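Novice: So that we are looking at the same thing, I have put the structure below in structure tokens.
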Amino acid sequence: MKAQSGLLLICLGLAACQGSNPYVAQSRPLPPAPPQAANTFDRSAYPAPPRDYGRYRSWTWLNGQLPPGTAWADSAQVAEAVSNALDQRGLRPLHDNRPADLLVSAHLSLQTRLRQVQDDYGYYGGGYSGYDRYGRGYGMYNSVPVVRTYSEQVVVVQVDLFDAGTGQPVWSASAETGAKGNQIERTDSIREAVEKAMAAYPPS
């Protein structure tokens with residue numbers, strides 16, 4: 001009797017599943033986009049295009065001012081070294097009212113660096129010595145490392161290039177070299193530091 005009742009319930013359940021479903025899926029259309037959406041362009045959503053350094057051909061000093069001089073080197077020395085480095089890279093200065101491609105600024109400073117060197121002073125001791133069967137002497141050589149700290153003056157040059165049209169920075173680099181004593185050596189130091197700073201321009 002129980003088996004027949006269970007079979008009857010199963011049949012009734014199957015019949016109910018085959019009946020029509022009173023629930024019907026409905027969807028509403030999406031609301032229209034606002035009118036300004038078609039004209040909105042978000043540049044930040046896209047990567048910036050690679051910079052074309054080849055289009056930069058001319059330059060002038062930022063705000064029309066030469067690099068500031070110091071007690072160690074005057075303004076003309078720094079300006080000449082930077083101008084020569086730019087000229088070697090195909091960048092020509094403009095001295096008239098025509099708009100240049102690049103705005104250039106440079107800054108020189110004299111700074112102090114602490115250096116460390118290690119000297120190995122050798123001595124014979126704490127080991128052994130003797131002679132082999134051929135009469136040649138031998139022994140164990142020991143050394144004691146000594147670290148010395150000293151200060152050195154260096155000249156540091158900072159060079160910055162800006163796009164004249166947008167004002168955005170194009171290139172920035174700094175380099176240093178040992179500061180020499182007399183006037184000729186100072187000029188060589190400035191030129192060497194500027195060349196180091198501009199060595200990787202234009203980037204490949």
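Ligands are numbered from 1 in the order shown, residues from 1 within each chain, and chains are lettered A, B, ... in the order they appear in the structure tokens.
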Would you list the contacts of Arg98 of chain A as a list of chain:residue names, taking every protein, DNA or RNA residue within 10 Å and counting only C-alpha atoms, but skipping same-chain residues closer than 4 positions in sequence?
Specialist: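 Near Arg98 of chain A, the qualifying residues are A:Ser58, A:Thr60, A:Leu94.
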Novice: Counting only C-alpha atoms, which of A:Val155, A:Val144, A:Ala175, A:Leu62 gets nearest to Ala200 of chain A?
Specialist: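 Checking each of A:Val155, A:Val144, A:Ala175, A:Leu62 against Ala200 of chain A, counting only C-alpha atoms, the winner is A:Ala175.
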Novice: Would you mind listing what lies within 12 Å of Thr166 of chain A as a PyMOL selection string, with only C-alpha atoms counted and same-chain residues fewer than 5 positions away left out?
Specialist: chain A and resi 100-103+161
Novice: Leu66 of chain A: which residues within 10 Å, counting only C-alpha atoms, same-chain residues fewer than 2 positions away excluded, as a ChimeraX atom specification?
Specialist: /A:60-64,68-69,75-76,78-80,104-107
Novice: Atom CA of Thr187 of chain A and atom CA of Gln77 of chain A are how many Å apart?
Specialist: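 Computing the Euclidean distance for atom CA of Thr187 of chain A and atom CA of Gln77 of chain A yields 6.8 Å.
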Novice: Which polymer residues have any atom within 12 Å of an atom of Glu195 of chain A, counting only C-alpha atoms, with same-chain residues fewer than 3 positions away left out, as a list in words?
Specialist: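 My reading of the contact set: Val78, Ala81, Val82, Ser83, Asn84, Ala85, Leu86, Asp87, Gln88, Arg89, Val156, Val157, Gln158, Val159, Ala173, Ser174, Ala175, Glu176, Thr177, Asp188, Ser189, Ile190, Arg191, Glu192, Met198, Ala199, Ala200 and Tyr201 of chain A.
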Novice: Limited to N, CA and C atoms, could you put the picked residues into a file as a PDB file, in the first residue's frame?
Specialist:
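New file selection25.pdb:
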```
ATOM      1  N   VAL A  78      79.864  77.094 -18.258  1.00  0.00           N
ATOM      2  CA  VAL A  78      78.814  76.066 -18.254  1.00  0.00           C
ATOM      3  C   VAL A  78      78.006  76.129 -19.541  1.00  0.00           C
ATOM      4  N   ALA A  81      79.923  74.574 -22.502  1.00  0.00           N
ATOM      5  CA  ALA A  81      80.005  73.114 -22.446  1.00  0.00           C
ATOM      6  C   ALA A  81      78.679  72.476 -22.832  1.00  0.00           C
ATOM      7  N   VAL A  82      77.567  73.022 -22.354  1.00  0.00           N
ATOM      8  CA  VAL A  82      76.248  72.474 -22.693  1.00  0.00           C
ATOM      9  C   VAL A  82      75.950  72.686 -24.168  1.00  0.00           C
ATOM     10  N   SER A  83      76.266  73.861 -24.694  1.00  0.00           N
ATOM     11  CA  SER A  83      76.013  74.149 -26.103  1.00  0.00           C
ATOM     12  C   SER A  83      76.789  73.200 -27.011  1.00  0.00           C
ATOM     13  N   ASN A  84      78.044  72.921 -26.670  1.00  0.00           N
ATOM     14  CA  ASN A  84      78.844  71.997 -27.477  1.00  0.00           C
ATOM     15  C   ASN A  84      78.275  70.583 -27.428  1.00  0.00           C
ATOM     16  N   ALA A  85      77.822  70.150 -26.256  1.00  0.00           N
ATOM     17  CA  ALA A  85      77.251  68.804 -26.136  1.00  0.00           C
ATOM     18  C   ALA A  85      75.966  68.679 -26.941  1.00  0.00           C
ATOM     19  N   LEU A  86      75.129  69.712 -26.936  1.00  0.00           N
ATOM     20  CA  LEU A  86      73.895  69.681 -27.726  1.00  0.00           C
ATOM     21  C   LEU A  86      74.205  69.711 -29.214  1.00  0.00           C
ATOM     22  N   ASP A  87      75.209  70.485 -29.596  1.00  0.00           N
ATOM     23  CA  ASP A  87      75.578  70.580 -31.009  1.00  0.00           C
ATOM     24  C   ASP A  87      76.050  69.232 -31.543  1.00  0.00           C
ATOM     25  N   GLN A  88      76.761  68.469 -30.742  1.00  0.00           N
ATOM     26  CA  GLN A  88      77.226  67.148 -31.156  1.00  0.00           C
ATOM     27  C   GLN A  88      76.074  66.175 -31.361  1.00  0.00           C
ATOM     28  N   ARG A  89      74.917  66.495 -30.835  1.00  0.00           N
ATOM     29  CA  ARG A  89      73.732  65.635 -30.977  1.00  0.00           C
ATOM     30  C   ARG A  89      72.713  66.219 -31.944  1.00  0.00           C
ATOM     31  N   VAL A 156      79.214  68.708 -10.094  1.00  0.00           N
ATOM     32  CA  VAL A 156      77.981  68.031 -10.500  1.00  0.00           C
ATOM     33  C   VAL A 156      77.229  68.940 -11.466  1.00  0.00           C
ATOM     34  N   VAL A 157      76.856  68.396 -12.614  1.00  0.00           N
ATOM     35  CA  VAL A 157      76.125  69.146 -13.636  1.00  0.00           C
ATOM     36  C   VAL A 157      74.775  68.483 -13.861  1.00  0.00           C
ATOM     37  N   GLN A 158      73.718  69.267 -13.822  1.00  0.00           N
ATOM     38  CA  GLN A 158      72.347  68.816 -14.097  1.00  0.00           C
ATOM     39  C   GLN A 158      71.870  69.499 -15.369  1.00  0.00           C
ATOM     40  N   VAL A 159      71.383  68.705 -16.337  1.00  0.00           N
ATOM     41  CA  VAL A 159      70.878  69.232 -17.608  1.00  0.00           C
ATOM     42  C   VAL A 159      69.424  68.798 -17.761  1.00  0.00           C
ATOM     43  N   ALA A 173      69.113  64.661 -16.787  1.00  0.00           N
ATOM     44  CA  ALA A 173      70.220  63.800 -16.381  1.00  0.00           C
ATOM     45  C   ALA A 173      71.248  64.639 -15.641  1.00  0.00           C
ATOM     46  N   SER A 174      72.005  63.978 -14.795  1.00  0.00           N
ATOM     47  CA  SER A 174      73.086  64.637 -14.070  1.00  0.00           C
ATOM     48  C   SER A 174      74.290  63.715 -14.041  1.00  0.00           C
ATOM     49  N   ALA A 175      75.449  64.309 -13.883  1.00  0.00           N
ATOM     50  CA  ALA A 175      76.690  63.537 -13.820  1.00  0.00           C
ATOM     51  C   ALA A 175      77.704  64.347 -13.031  1.00  0.00           C
ATOM     52  N   GLU A 176      78.742  63.668 -12.582  1.00  0.00           N
ATOM     53  CA  GLU A 176      79.777  64.340 -11.805  1.00  0.00           C
ATOM     54  C   GLU A 176      81.145  63.850 -12.222  1.00  0.00           C
ATOM     55  N   THR A 177      82.132  64.672 -11.928  1.00  0.00           N
ATOM     56  CA  THR A 177      83.522  64.315 -12.164  1.00  0.00           C
ATOM     57  C   THR A 177      84.373  65.067 -11.159  1.00  0.00           C
ATOM     58  N   ASP A 188      87.919  71.571 -18.370  1.00  0.00           N
ATOM     59  CA  ASP A 188      87.871  70.158 -18.758  1.00  0.00           C
ATOM     60  C   ASP A 188      86.904  69.377 -17.871  1.00  0.00           C
ATOM     61  N   SER A 189      86.866  69.681 -16.585  1.00  0.00           N
ATOM     62  CA  SER A 189      85.958  68.979 -15.675  1.00  0.00           C
ATOM     63  C   SER A 189      84.504  69.265 -16.021  1.00  0.00           C
ATOM     64  N   ILE A 190      84.197  70.524 -16.332  1.00  0.00           N
ATOM     65  CA  ILE A 190      82.821  70.870 -16.705  1.00  0.00           C
ATOM     66  C   ILE A 190      82.421  70.152 -17.980  1.00  0.00           C
ATOM     67  N   ARG A 191      83.294  70.169 -18.971  1.00  0.00           N
ATOM     68  CA  ARG A 191      82.988  69.508 -20.236  1.00  0.00           C
ATOM     69  C   ARG A 191      82.799  68.006 -20.040  1.00  0.00           C
ATOM     70  N   GLU A 192      83.627  67.393 -19.209  1.00  0.00           N
ATOM     71  CA  GLU A 192      83.509  65.951 -18.956  1.00  0.00           C
ATOM     72  C   GLU A 192      82.195  65.619 -18.257  1.00  0.00           C
ATOM     73  N   MET A 198      74.932  63.926 -20.874  1.00  0.00           N
ATOM     74  CA  MET A 198      74.243  63.857 -22.164  1.00  0.00           C
ATOM     75  C   MET A 198      74.600  62.603 -22.955  1.00  0.00           C
ATOM     76  N   ALA A 199      75.334  61.688 -22.351  1.00  0.00           N
ATOM     77  CA  ALA A 199      75.832  60.525 -23.096  1.00  0.00           C
ATOM     78  C   ALA A 199      74.709  59.676 -23.668  1.00  0.00           C
ATOM     79  N   ALA A 200      73.595  59.550 -22.965  1.00  0.00           N
ATOM     80  CA  ALA A 200      72.507  58.660 -23.401  1.00  0.00           C
ATOM     81  C   ALA A 200      71.422  59.391 -24.177  1.00  0.00           C
ATOM     82  N   TYR A 201      71.668  60.641 -24.583  1.00  0.00           N
ATOM     83  CA  TYR A 201      70.670  61.369 -25.379  1.00  0.00           C
ATOM     84  C   TYR A 201      71.092  61.350 -26.846  1.00  0.00           C
TER      85      TYR A 201
END
```
Novice: Suppose you want the space between atom CA of Gly178 of chain A and atom CA of Trp72 of chain A; what is it in Å?
Specialist: 12.8 Å
Novice: Please measure the separation of atom CA of Trp59 of chain A and atom CA of Ser204 of chain A, giving the value in Å to one decimal.
Specialist: 20.3 Å
Novice: Out of segment 154-188 of chain A, which residues get helix (DSSP H, G or I) from DSSP, as a list in words?
Specialist: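 DSSP on the backbone gives helix (DSSP H, G or I) at Gln183, Ile184, Glu185, Arg186, Thr187 and Asp188 of chain A.
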Novice: Save out the residues we just selected, N, CA and C atoms, as a PDB file, in the first residue's frame.
Specialist:
```pdb
ATOM      1  N   GLN A 183      92.348  76.913 -14.058  1.00  0.00           N
ATOM      2  CA  GLN A 183      91.248  77.286 -14.934  1.00  0.00           C
ATOM      3  C   GLN A 183      91.067  76.297 -16.073  1.00  0.00           C
ATOM      4  N   ILE A 184      92.148  75.855 -16.678  1.00  0.00           N
ATOM      5  CA  ILE A 184      92.052  74.909 -17.796  1.00  0.00           C
ATOM      6  C   ILE A 184      91.481  73.580 -17.314  1.00  0.00           C
ATOM      7  N   GLU A 185      91.930  73.116 -16.162  1.00  0.00           N
ATOM      8  CA  GLU A 185      91.425  71.850 -15.625  1.00  0.00           C
ATOM      9  C   GLU A 185      89.953  71.963 -15.239  1.00  0.00           C
ATOM     10  N   ARG A 186      89.536  73.127 -14.773  1.00  0.00           N
ATOM     11  CA  ARG A 186      88.127  73.310 -14.442  1.00  0.00           C
ATOM     12  C   ARG A 186      87.259  73.226 -15.692  1.00  0.00           C
ATOM     13  N   THR A 187      87.715  73.843 -16.763  1.00  0.00           N
ATOM     14  CA  THR A 187      86.965  73.773 -18.019  1.00  0.00           C
ATOM     15  C   THR A 187      86.838  72.335 -18.494  1.00  0.00           C
ATOM     16  N   ASP A 188      87.919  71.571 -18.370  1.00  0.00           N
ATOM     17  CA  ASP A 188      87.871  70.158 -18.758  1.00  0.00           C
ATOM     18  C   ASP A 188      86.904  69.377 -17.871  1.00  0.00           C
TER      19      ASP A 188
END
```
Novice: Out of A:Trp171, A:Asp120, A:Leu108, A:Leu114, which residue has the shortest atom-to-atom distance to Gln153 of chain A when counting only C-alpha atoms?
Specialist: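 Closest to Gln153 of chain A of all the choices is A:Leu114.
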